[in-house]
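Student: The structure is given below, and queries will be raised subsequently.
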Amino acid sequence: MRPLSPLPPALSSRAFTIKEAAQYGVAPKRLRATDLVVPSRGLRIPQKPQTLLDIARPHLELRQGDFLSHISAAEVLGLPLPPWAHFKPDDGGPVTAVAEPVPWGPKSGPHFREPGRFIHLSRSRGGSLPRRRGVAGHRLTLRDGDLADLDGVVLTSVARTWVDLATMLPIADLVVAGDAIVSEHTRTFGPARVAMVSLSELRAFVARANGVHGVRKARLALDDLRVGVDSPPETKLRLMLEDARLPAFMPNCPVMDALGRPVWTDLGCPEYRICLEYEGLHHLSPEQQALDAYRDQRVADAGWRQVKINRIDMRQGQKWVVARVAQALRKQGWAA
């Protein structure tokens with residue numbers, strides 16, 4: 001068997017259109033080779049790692065006026081999504097985040113399909129619906145500030161994407177994404193965190209979005225957004241406690257130690273002097289454990305009680321987590 005002729009370097013590691021391949025002099029027969037995935041007519045993808053942005057780019061080149069939207073725009077923008085919403089191939093491989101490559105491989109086959117996961121493309125209302133294999137098409141009413149550009153790819157802006165997510169996500173997941181958008185803080189360590197969109201700007205955008213599909217749900221979720229959250233588990237933990245009607249916990253809560261220096265905690269309830277820490281995998285490193293021990297001692301010396309929650313606790317469910325926090329609250333004088 002004769003070896004395949006190499007693709008031009010400009011096309012060898014990224015998705016491209018057939019029209020673009022012709023401009024580089026690639027023969028039509030070469031485009032039918034099994035080392036190229038055919039996601040839809042007019043497109044080819046080399047079986048090499050690709051991000052969702054890589055895959056979406058040639059889709060948009062095929063038809064002027066289309067733009068990335070909904071969960072596809074959210075993933076490219078880096079908003080946290082539930083696992084089922086992430087774009088993934090049909091080879092049974094792991095769900096991937098936007099920063100990670102989608103593992104295109106032989107199991108994807110020459111005629112790639114997405115089982116329930118599509119690239120979400122939209123165009124302005126009044127135009128025809130985007131229709132092609134592997135694409136979920138939408139028509140949107142566009143307003144000022146609804147579109148943005150990311151590395152040459154047109155997509156819905158962060159604020160508009162969040163409103164559109166209200167049509168697809170449960171409200172708890174919508175709050176998780178919203179907390180990530182508005183999160184900002186300045187601490188005594190590390191760089192300042194800058195919001196993708198400030199809470200006041202997001203409120204103003206949603207207030208102007210009359211008639212946009214999903215805006216009513218987005219307005220409900222707005223009331224549950226909090227500034228200063230560092231991770232989706234922190235949002236989910238806070239929502240569990242609020243749903244159980246426990247005393248209010250504020251994100252990024254400072255505890256003043258014996259020397260008057262702040263110890264930044266994930267969630268804190270100043271009324272009962274209790275704080276919560278969500279401990280992810282990075283807390284298992286020896287260096288982080290030493291830092292955590294120092295933090296724990298400073299919190300204890302300040303007269304605060306600390307509860308540590310990890311992913312195993314979260315898997316046990318709301319009842320387990322609420323019981324742990326409620327027990328600590330009672331020890332601090334709370335009467336249920």
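We label chains A, B, ... in the order they appear in the structure tokens, count residues from 1 in each chain, and number ligands from 1 in the order shown.
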Leaving out region 264-275 of chain A and any residue of its chain fewer than 6 positions from it, which residues lie within 10 Å of it when counting only C-alpha atoms, given as a PyMOL selection string?
Tutor: chain A and resi 187-189+228-231+234-235+237-238+247-256+295+299-300+302-308+325+328-334
Student: Just the residues within 10 Å of Gly25 (chain A), please, counting only C-alpha atoms, with nothing from its chain fewer than 5 positions along; format it as a list of chain:residue names.
Tutor: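 After dropping sequence-adjacent residues, the list is A:Leu7, A:Pro8, A:Lys19, A:Glu20.
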Student: Calculate how many Å separate CA of Arg160 (chain A) from CA of Arg63 (chain A), rounding to one decimal.
Tutor: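 We find that CA of Arg160 (chain A) and CA of Arg63 (chain A) lie 21.7 Å from each other.
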Student: Using only C-alpha atoms, which residue out of A:Gln289, A:Ser13, A:Ser72, A:Thr51 lies closest to Met168 (chain A)?
Tutor: A:Ser72
Student: Tell me, which residues of region 103-211 of chain A carry DSSP strand (DSSP E or B), written as a ChimeraX atom specification?
Tutor: /A:119-125,127,135-140,147-150,153-156,185,193
Student: Compile the contact shell of Leu147 (chain A) as an MDAnalysis selection string: residues with an atom at most 12 Å away, counting only C-alpha atoms, same-chain residues fewer than 2 positions apart removed.
Tutor: chainID A and resid 65:69 73 122:124 140:145 149:150 153:161
Student: Please, could you write that set of residues out with C-alpha atoms as a compact mmCIF listing (two decimals), in the first residue's frame?
Tutor:
```
# COMPACT_ATOMS: atom_id res chain seq x y z
CA GLY A 65 -23.17 35.22 9.25
CA ASP A 66 -23.06 32.14 11.48
CA PHE A 67 -21.56 32.40 14.97
CA LEU A 68 -20.84 30.09 17.88
CA SER A 69 -23.45 30.14 20.66
CA ALA A 73 -19.75 29.40 23.13
CA SER A 122 -26.62 30.57 15.41
CA ARG A 123 -27.45 33.33 13.01
CA SER A 124 -29.45 36.50 13.34
CA LEU A 140 -31.26 34.66 17.79
CA THR A 141 -32.44 38.23 18.11
CA LEU A 142 -29.22 40.22 18.41
CA ARG A 143 -28.67 43.44 20.33
CA ASP A 144 -25.67 45.64 20.97
CA GLY A 145 -23.05 43.74 22.95
CA ASP A 149 -14.55 37.88 18.59
CA LEU A 150 -12.14 35.26 19.95
CA VAL A 153 -14.06 33.28 15.65
CA VAL A 154 -17.34 35.17 16.10
CA LEU A 155 -19.37 34.00 19.08
CA THR A 156 -21.90 35.30 21.55
CA SER A 157 -20.50 37.54 24.26
CA VAL A 158 -20.08 36.29 27.81
CA ALA A 159 -23.24 38.01 29.05
CA ARG A 160 -25.37 36.89 26.09
CA THR A 161 -24.01 33.36 26.34
```
Student: For Pro80 (chain A), please output as a count of residues only all residues within 8 Å (counting only C-alpha atoms; exclusion window: fewer than 5 positions along the same chain).
Tutor: 6
Student: I need the residue nearest Gly134 (chain A) from this list: A:Val197, A:Asp146, A:Phe205, A:His59. Use only C-alpha atoms for the distance.
Tutor: A:His59
Student: Based on the backbone DSSP call, show me all residues of region 43-292 of chain A assigned helix (DSSP H, G or I), as a PyMOL selection string.
Tutor: chain A and resi 52-62+70-77+83-85+106-108+158-165+171-182+199-207+215-222+232-243+281-284+286-292
Student: Excluding Pro46 (chain A) and its own-chain neighbours fewer than 6 positions away, which residues fall within 8 Å of it when counting only C-alpha atoms? Please give them as a compact mmCIF listing (two decimals) with N, CA and C atoms, in the first residue's frame.
Tutor:
```
# COMPACT_ATOMS: atom_id res chain seq x y z
N SER A 12 -2.05 20.33 8.28
CA SER A 12 -1.76 19.00 8.81
C SER A 12 -2.25 18.75 10.23
N SER A 13 -2.51 19.82 10.99
CA SER A 13 -2.88 19.60 12.39
C SER A 13 -4.13 20.35 12.81
N ARG A 14 -4.91 20.83 11.85
CA ARG A 14 -6.12 21.57 12.22
C ARG A 14 -7.26 21.26 11.26
N ALA A 15 -8.46 21.56 11.71
CA ALA A 15 -9.62 21.38 10.85
C ALA A 15 -9.60 22.40 9.71
N ASP A 35 -7.29 8.96 7.21
CA ASP A 35 -6.67 9.72 8.31
C ASP A 35 -7.36 11.05 8.53
N LEU A 36 -8.44 11.32 7.76
CA LEU A 36 -9.20 12.55 7.91
C LEU A 36 -10.63 12.23 8.32
N VAL A 37 -11.13 12.91 9.33
CA VAL A 37 -12.50 12.77 9.78
C VAL A 37 -13.38 13.70 8.96
```
Student: List as an MDAnalysis selection string the protein and nucleic acid residues near region 212-217 of chain A, meaning an atom at most 6 Å away when only C-alpha atoms are counted, but skip any in the same chain fewer than 4 places from it.
Tutor: chainID A and resid 163 166:167
Student: At what distance in Å, to one decimal, does CA of Arg298 (chain A) lie from CA of Asp257 (chain A)?
Tutor: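 Between these atoms lies a distance of 5.6 Å.
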Student: With only C-alpha atoms as the atoms that count, which of A:Ala221, A:Ile181, A:Ala336, A:Leu4 lies nearest to Thr34 (chain A)?
Tutor: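 Nearest candidate to Thr34 (chain A) out of A:Ala221, A:Ile181, A:Ala336, A:Leu4: A:Leu4.
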